[in-house]
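Quick look at my_file_1.txt (compact mmCIF, C-alpha atoms):
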```
# COMPACT_ATOMS: atom_id res chain seq x y z
CA MET A 1 97.02 43.55 111.43
CA LEU A 2 95.73 47.07 110.92
CA PRO A 3 93.62 48.71 113.63
CA THR A 4 89.91 47.99 113.19
CA VAL A 5 86.63 49.14 114.67
CA SER A 6 85.64 46.93 117.56
CA LYS A 7 82.48 44.95 116.86
CA GLY A 8 81.60 45.02 120.54
CA ARG A 9 81.84 48.78 120.87
CA THR A 10 79.53 51.38 119.52
CA HIS A 11 80.70 54.34 117.54
CA SER A 12 77.31 55.73 116.55
CA ASN A 13 78.00 58.93 118.48
CA VAL A 14 81.07 59.71 116.40
CA ARG A 15 80.02 62.51 114.12
CA GLN A 16 81.55 64.44 111.28
CA ASN A 17 81.34 67.99 112.62
CA PRO A 18 81.95 70.98 110.35
CA VAL A 19 84.72 72.17 112.65
CA PHE A 20 87.31 72.88 109.99
CA PRO A 21 86.03 76.36 108.99
CA GLN A 22 85.90 77.39 112.67
CA TYR A 23 89.35 75.90 113.21
CA LEU A 24 90.78 77.98 110.36
CA ARG A 25 89.10 81.17 111.55
CA ARG A 26 90.60 80.82 115.01
CA ILE A 27 94.13 80.56 113.58
CA VAL A 28 94.14 84.32 112.93
CA LYS A 29 92.57 85.16 116.29
CA TRP A 30 95.44 84.90 118.76
CA GLU A 31 93.37 86.17 121.68
CA GLN A 32 91.01 83.16 121.38
CA MET A 33 93.80 80.60 121.70
CA ASP A 34 94.57 78.92 125.01
CA ILE A 35 98.35 79.38 124.98
CA GLU A 36 98.89 78.34 128.59
CA TYR A 37 97.06 75.03 128.10
CA THR A 38 99.00 74.43 124.87
CA PHE A 39 102.36 74.77 126.64
CA TRP A 40 101.02 72.52 129.41
CA GLN A 41 100.26 69.87 126.77
CA MET A 42 103.68 70.26 125.16
CA PHE A 43 105.43 69.81 128.48
CA HIS A 44 103.47 66.71 129.41
CA LEU A 45 103.86 65.16 125.96
CA CYS A 46 107.57 65.05 126.73
CA THR A 47 107.22 63.92 130.35
CA SER A 48 103.87 62.15 130.85
CA PRO A 49 101.96 61.73 127.56
CA LYS A 50 99.24 59.54 129.08
CA VAL A 51 98.03 62.57 131.05
CA VAL A 52 97.44 64.45 127.79
CA TYR A 53 95.31 61.66 126.35
CA GLN A 54 93.39 61.38 129.61
CA HIS A 55 92.37 64.98 128.99
CA THR A 56 91.38 63.96 125.46
CA LYS A 57 88.76 61.68 127.01
CA TYR A 58 87.45 64.61 129.06
CA HIS A 59 87.28 66.72 125.91
CA LYS A 60 85.19 64.06 124.21
CA GLN A 61 82.82 63.91 127.17
CA THR A 62 82.35 67.69 127.38
CA LYS A 63 82.38 68.69 123.70
CA ASN A 64 81.50 65.39 121.98
CA GLN A 65 84.60 65.73 119.82
CA TRP A 66 87.93 63.93 119.95
CA ALA A 67 89.89 66.59 118.09
CA ARG A 68 91.03 69.94 119.45
CA ASP A 69 88.96 72.96 118.50
CA ASP A 70 91.87 75.25 119.37
CA PRO A 71 94.61 75.65 116.70
CA ALA A 72 97.12 77.04 119.22
CA PHE A 73 99.16 73.81 119.25
CA VAL A 74 99.60 73.87 115.47
CA VAL A 75 100.42 77.59 115.41
CA ILE A 76 103.06 77.33 118.15
CA CYS A 77 104.61 74.21 116.56
CA SER A 78 104.82 76.06 113.25
CA LEU A 79 106.50 79.05 114.88
CA LEU A 80 108.97 76.79 116.66
CA LEU A 81 109.78 75.08 113.37
CA VAL A 82 110.48 78.46 111.80
CA VAL A 83 112.81 79.38 114.67
CA ALA A 84 114.59 76.01 114.54
CA THR A 85 114.97 76.16 110.76
CA SER A 86 116.40 79.67 110.99
CA ALA A 87 118.87 78.53 113.64
CA TYR A 88 120.07 75.62 111.52
CA CYS A 89 120.44 77.87 108.48
CA ALA A 90 122.42 80.40 110.51
CA ALA A 91 124.68 77.70 111.94
CA PHE A 92 125.24 75.66 108.75
CA LEU A 93 124.80 78.33 106.09
CA THR A 94 126.76 77.40 102.97
CA ASN A 95 125.45 77.06 99.42
CA SER A 96 122.31 75.37 100.71
CA TYR A 97 118.63 75.83 100.25
CA LEU A 98 115.68 75.08 102.47
CA ARG A 99 113.51 72.12 101.60
CA GLU A 100 109.97 71.68 102.79
CA GLU A 101 109.47 68.66 105.00
CA ALA A 102 106.18 66.80 105.12
CA PRO A 103 106.20 63.96 107.68
CA ASN A 104 104.24 60.86 106.90
CA SER A 105 100.92 60.31 108.62
CA HIS A 106 99.23 57.07 109.53
CA VAL A 107 96.13 55.88 107.69
CA VAL A 108 93.39 55.32 110.23
CA GLU A 109 89.87 53.91 110.04
CA GLN A 110 87.52 56.14 108.07
CA ARG A 111 85.14 56.86 110.95
CA VAL A 112 87.88 58.38 113.10
CA GLU A 113 87.71 62.15 112.97
CA TRP A 114 90.44 63.21 110.55
CA LEU A 115 91.17 66.30 112.62
CA TYR A 116 91.85 64.11 115.65
CA ALA A 117 94.31 62.08 113.54
CA PHE A 118 96.04 65.37 112.78
CA ASP A 119 96.08 66.16 116.51
CA VAL A 120 97.73 62.82 117.23
CA HIS A 121 100.41 63.52 114.64
CA CYS A 122 101.06 67.01 116.07
CA ASN A 123 101.27 65.61 119.61
CA SER A 124 103.72 62.95 118.46
CA PHE A 125 105.74 65.37 116.38
CA PHE A 126 106.42 67.88 119.17
CA PRO A 127 108.76 65.66 121.28
CA LEU A 128 110.43 64.56 118.04
CA PHE A 129 110.91 68.24 117.23
CA ILE A 130 112.51 68.84 120.64
CA MET A 131 114.93 65.94 120.13
CA LEU A 132 115.78 66.27 116.43
CA TYR A 133 115.60 70.03 116.07
CA VAL A 134 116.49 71.54 119.45
CA ILE A 135 118.67 69.02 121.32
CA HIS A 136 120.16 67.82 118.05
CA TYR A 137 121.05 71.42 117.14
CA PHE A 138 123.15 71.93 120.27
CA LEU A 139 124.77 68.50 119.93
CA SER A 140 125.44 68.82 116.20
CA PRO A 141 129.09 70.01 116.56
CA LEU A 142 129.79 66.71 118.32
CA LEU A 143 127.48 64.53 116.21
CA VAL A 144 128.94 65.58 112.85
CA ALA A 145 132.47 64.70 113.94
CA HIS A 146 134.20 61.53 112.79
CA GLY A 147 134.57 58.61 115.17
CA PHE A 148 132.57 55.92 116.90
CA ILE A 149 131.21 58.05 119.77
CA PRO A 150 129.55 60.67 117.48
CA LEU A 151 128.25 57.82 115.31
CA LEU A 152 126.75 56.03 118.33
CA LEU A 153 125.21 59.16 119.86
CA SER A 154 123.71 60.27 116.56
CA ASN A 155 122.00 56.92 116.02
CA LEU A 156 120.74 56.89 119.61
CA VAL A 157 119.20 60.36 119.28
CA PHE A 158 117.37 59.39 116.09
CA MET A 159 116.34 56.01 117.51
CA VAL A 160 114.81 57.54 120.65
CA ALA A 161 113.07 60.33 118.73
CA ILE A 162 111.50 58.07 116.11
CA SER A 163 110.50 55.42 118.68
CA TYR A 164 108.88 58.01 120.94
CA TYR A 165 106.98 59.43 117.96
CA HIS A 166 105.41 56.04 117.24
CA TYR A 167 104.75 55.39 120.92
CA LEU A 168 102.75 58.62 121.15
CA ASN A 169 100.87 57.64 118.00
CA PHE A 170 99.91 54.42 119.77
CA LEU A 171 98.69 56.32 122.85
CA GLY A 172 96.65 58.66 120.70
CA TYR A 173 94.74 55.93 118.89
CA ASP A 174 94.58 53.56 121.85
CA VAL A 175 92.44 56.07 123.74
CA LEU A 176 89.67 55.71 121.12
CA PRO A 177 87.19 53.19 122.57
CA PHE A 178 86.01 51.93 119.17
CA LEU A 179 89.43 50.87 117.81
CA ASP A 180 90.96 47.43 118.26
CA LYS A 181 94.51 46.19 117.57
CA THR A 182 96.05 49.63 118.09
CA THR A 183 99.32 47.88 118.99
CA PHE A 184 99.88 48.03 115.23
CA PHE A 185 101.25 51.53 115.82
CA LEU A 186 104.03 50.09 117.99
CA TYR A 187 105.39 47.82 115.25
CA PRO A 188 107.69 50.49 113.72
CA ILE A 189 109.51 50.72 117.06
CA GLY A 190 110.59 47.10 116.67
CA LEU A 191 111.95 47.89 113.21
CA VAL A 192 113.85 50.87 114.61
CA PHE A 193 115.50 48.68 117.27
CA ILE A 194 116.48 46.15 114.61
CA ILE A 195 117.80 48.64 112.06
CA SER A 196 119.68 50.97 114.46
CA PRO A 197 122.40 48.44 115.48
CA LEU A 198 122.90 47.58 111.81
CA LEU A 199 123.37 51.25 110.96
CA ILE A 200 125.89 51.63 113.80
CA LEU A 201 127.85 48.60 112.67
CA SER A 202 127.84 49.84 109.07
CA GLY A 203 129.25 53.22 110.14
CA PHE A 204 126.19 55.24 109.08
CA ASN A 205 125.89 58.60 110.86
CA PRO A 206 122.34 59.98 110.38
CA THR A 207 123.37 63.46 111.50
CA ARG A 208 126.06 63.74 108.85
CA TYR A 209 123.66 62.31 106.27
CA VAL A 210 120.90 64.82 107.08
CA MET A 211 123.28 67.76 107.23
CA ASN A 212 124.75 66.78 103.86
CA ILE A 213 121.26 66.80 102.36
CA TYR A 214 120.36 70.25 103.65
CA PHE A 215 123.78 71.89 103.82
CA SER A 216 125.95 69.95 101.38
```

Could you express the structure from this file as structure tokens?
Amino acid sequence: MLPTVSKGRTHSNVRQNPVFPQYLRRIVKWEQMDIEYTFWQMFHLCTSPKVVYQHTKYHKQTKNQWARDDPAFVVICSLLLVVATSAYCAAFLTNSYLREEAPNSHVVEQRVEWLYAFDVHCNSFFPLFIMLYVIHYFLSPLLVAHGFIPLLLSNLVFMVAISYYHYLNFLGYDVLPFLDKTTFFLYPIGLVFIISPLLILSGFNPTRYVMNIYFS
């Protein structure tokens, strides 16, 4: 079942703050961004994500807001995506063109701050970015080769990246005290573990498939 608001928990203190205009204004003010804390979050999202969401609870207690008020995480992720995209284009430049990618986002209960939902997605996307853009880039000469080993490694990289993305989604929404049944966000991991062996047995190489789409 979908996550729901717990009947036994109050959410009356959840408010719809007009934070979006302030958030946008801070994007162009680099000196107001906490870059050091952002890199600290990025590191721990890859190594100990529960620590990051423990700090989310502190943020709620001190600022009465689940979402970040600092756009540094989004700005740095965007810059890293530009660098990674440029690297892939330089390495696989043929008669290709760049396509804009818009990852899916989960639909959450209406009372949850939408900006926090965006934070959760960004937190979950960063480790996926490291695995499917950075590590994948350096392994791509091996992964695009023919044979069982490249096929197996390619599927494992995608399986771990996608599973970790959904696990971090679960951690992000599980920290909200007014949501029940947040284990719903773990269900896609089960599908990944079912589908991945089938893809391996069928000879499907996700790396070759993705590279053919972007750099056919």

I'd like the interatomic distance between atom CA of Phe158 of chain A and atom CA of Met131 of chain A, to a tenth of an Å. 8.1 Å

Atom CA of Ile189 of chain A and atom CA of Gly203 of chain A are how many Å apart? 21.1 Å

Students should find that atom CA of Lys60 of chain A and atom CA of Tyr173 of chain A are spaced 13.6 Å

Quick one: residues within 6 Å of segment 112-122 of chain A, all atoms listed in the file counted, chain neighbours fewer than 6 positions away excluded, as a PyMOL selection string? chain A and resi 66-67+172

Around the point (116.3, 69.9, 113.3) (coordinates from the file), which residues reach within 12 Å if we count only C-alpha atoms? Answer as a VMD selection string. chain A and resid 80 to 89 91 to 92 101 125 to 140 157 to 158 161 206 to 207 210 to 211 214

Distance query Ile195 of chain A at most 12 Å, all atoms listed in the file, self and fewer than 4 positions along chain excluded, as a PyMOL selection string: chain A and resi 155-156+158-159+163+188-191+199-202+204

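Comparing the minimum interatomic distances between Pro49 of chain A and each of A:Val175, A:Ile76, A:Leu142, A:Ile35, counting all atoms listed in the file, we find that A:Val175 sits nearest.
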
How big is the axis-aligned box, and where does its centre sit, when it encloses all atoms of segment 174-178 of chain A listed in the file and has 4 Å added on every side, reported in Å to one decimal as AutoDock Vina command-line options?
```
--center_x 90.3 --center_y 54.0 --center_z 121.5 --size_x 16.6 --size_y 12.1 --size_z 12.6
```

Shortest interatomic distance to Val51 of chain A - which of A:Leu171, A:Cys77, A:Tyr165, A:Asp180, counting only C-alpha atoms: A:Leu171

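With all atoms listed in the file as the atoms that count, the minimum distance from Lys57 of chain A to the choices A:Leu186, A:Leu176, A:Leu151, A:Val192 is reached by A:Leu176.
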
If we count all atoms listed in the file, what is near Asp174 of chain A at a cut-off of 12 Å, once residues fewer than 3 positions away on the same chain are taken out, given as a list in words? Pro3, Thr4, Val5, Ser6, Lys50, Tyr53, Gln54, Thr56, Lys57, Val108, Ala117, Val120, Tyr167, Leu168, Asn169, Phe170, Leu171, Pro177, Phe178, Leu179, Asp180, Lys181, Thr182, Thr183, Phe184, Phe185 and Leu186 of chain A

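Proximity to Leu198 of chain A was assessed for A:Val144, A:Leu152, A:His55, A:Val160 counting only C-alpha atoms; the smallest distance is recorded for A:Leu152.
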
Please supply segment 178-189 of chain A, rebuilt with all heavy atoms, as a CSV table (one decimal), in the coordinates of the input.
```
chain,number,residue,atom,x,y,z
A,178,PHE,N,86.6,52.8,120.2
A,178,PHE,CA,86.0,51.9,119.2
A,178,PHE,C,87.1,51.3,118.2
A,178,PHE,O,86.7,50.8,117.2
A,178,PHE,CB,85.0,52.8,118.3
A,178,PHE,CG,85.5,54.1,117.9
A,178,PHE,CD1,86.3,54.3,116.8
A,178,PHE,CD2,85.2,55.2,118.7
A,178,PHE,CE1,86.8,55.5,116.4
A,178,PHE,CE2,85.7,56.5,118.3
A,178,PHE,CZ,86.5,56.6,117.2
A,179,LEU,N,88.4,51.5,118.6
A,179,LEU,CA,89.4,50.9,117.8
A,179,LEU,C,90.0,49.7,118.5
A,179,LEU,O,90.3,49.7,119.7
A,179,LEU,CB,90.5,51.9,117.5
A,179,LEU,CG,90.3,52.9,116.4
A,179,LEU,CD1,91.5,53.8,116.2
A,179,LEU,CD2,89.9,52.3,115.1
A,180,ASP,N,90.3,48.6,117.8
A,180,ASP,CA,91.0,47.4,118.3
A,180,ASP,C,92.3,47.3,117.6
A,180,ASP,O,92.6,47.9,116.5
A,180,ASP,CB,90.1,46.2,118.0
A,180,ASP,CG,89.0,46.0,119.0
A,180,ASP,OD1,89.1,46.5,120.1
A,180,ASP,OD2,88.1,45.3,118.7
A,181,LYS,N,93.2,46.5,118.2
A,181,LYS,CA,94.5,46.2,117.6
A,181,LYS,C,95.3,47.4,117.3
A,181,LYS,O,96.1,47.5,116.3
A,181,LYS,CB,94.3,45.4,116.3
A,181,LYS,CG,93.5,44.1,116.4
A,181,LYS,CD,93.3,43.4,115.1
A,181,LYS,CE,92.4,42.2,115.3
A,181,LYS,NZ,92.1,41.5,114.0
A,182,THR,N,95.3,48.4,118.2
A,182,THR,CA,96.0,49.6,118.1
A,182,THR,C,97.5,49.4,118.4
A,182,THR,O,98.3,50.3,118.1
A,182,THR,CB,95.5,50.7,119.1
A,182,THR,OG1,95.5,50.2,120.4
A,182,THR,CG2,94.2,51.2,118.7
A,183,THR,N,97.9,48.2,118.8
A,183,THR,CA,99.3,47.9,119.0
A,183,THR,C,100.1,47.9,117.6
A,183,THR,O,101.3,47.9,117.6
A,183,THR,CB,99.5,46.5,119.7
A,183,THR,OG1,98.7,45.5,118.9
A,183,THR,CG2,99.0,46.6,121.1
A,184,PHE,N,99.3,47.9,116.6
A,184,PHE,CA,99.9,48.0,115.2
A,184,PHE,C,100.8,49.2,115.2
A,184,PHE,O,101.8,49.2,114.5
A,184,PHE,CB,98.8,48.2,114.2
A,184,PHE,CG,99.3,48.6,112.8
A,184,PHE,CD1,99.8,47.7,112.0
A,184,PHE,CD2,99.2,49.9,112.4
A,184,PHE,CE1,100.3,48.0,110.7
A,184,PHE,CE2,99.6,50.3,111.2
A,184,PHE,CZ,100.1,49.4,110.3
A,185,PHE,N,100.5,50.3,115.9
A,185,PHE,CA,101.2,51.5,115.8
A,185,PHE,C,102.6,51.4,116.6
A,185,PHE,O,103.4,52.3,116.5
A,185,PHE,CB,100.4,52.7,116.4
A,185,PHE,CG,99.2,53.0,115.5
A,185,PHE,CD1,98.0,52.7,116.0
A,185,PHE,CD2,99.4,53.7,114.3
A,185,PHE,CE1,96.8,53.0,115.2
A,185,PHE,CE2,98.3,54.0,113.5
A,185,PHE,CZ,97.0,53.6,114.0
A,186,LEU,N,102.8,50.3,117.3
A,186,LEU,CA,104.0,50.1,118.0
A,186,LEU,C,105.0,49.3,117.1
A,186,LEU,O,106.2,49.2,117.4
A,186,LEU,CB,103.8,49.3,119.3
A,186,LEU,CG,103.0,50.1,120.4
A,186,LEU,CD1,102.8,49.2,121.6
A,186,LEU,CD2,103.8,51.3,120.8
A,187,TYR,N,104.5,48.7,116.1
A,187,TYR,CA,105.4,47.8,115.2
A,187,TYR,C,106.6,48.6,114.7
A,187,TYR,O,107.7,48.0,114.6
A,187,TYR,CB,104.6,47.2,114.1
A,187,TYR,CG,103.6,46.2,114.5
A,187,TYR,CD1,102.6,45.7,113.6
A,187,TYR,CD2,103.5,45.7,115.8
A,187,TYR,CE1,101.7,44.8,114.0
A,187,TYR,CE2,102.5,44.8,116.2
A,187,TYR,CZ,101.6,44.3,115.3
A,187,TYR,OH,100.7,43.4,115.7
A,188,PRO,N,106.5,49.8,114.2
A,188,PRO,CA,107.7,50.5,113.7
A,188,PRO,C,108.8,50.6,114.7
A,188,PRO,O,110.0,50.7,114.4
A,188,PRO,CB,107.2,51.9,113.3
A,188,PRO,CG,105.7,51.6,113.0
A,188,PRO,CD,105.3,50.6,114.0
A,189,ILE,N,108.5,50.6,116.0
A,189,ILE,CA,109.5,50.7,117.1
A,189,ILE,C,110.4,49.5,117.0
A,189,ILE,O,111.6,49.6,117.2
A,189,ILE,CB,108.9,50.9,118.5
A,189,ILE,CG1,108.1,52.2,118.5
A,189,ILE,CG2,110.0,50.9,119.6
A,189,ILE,CD1,107.4,52.4,119.8
```
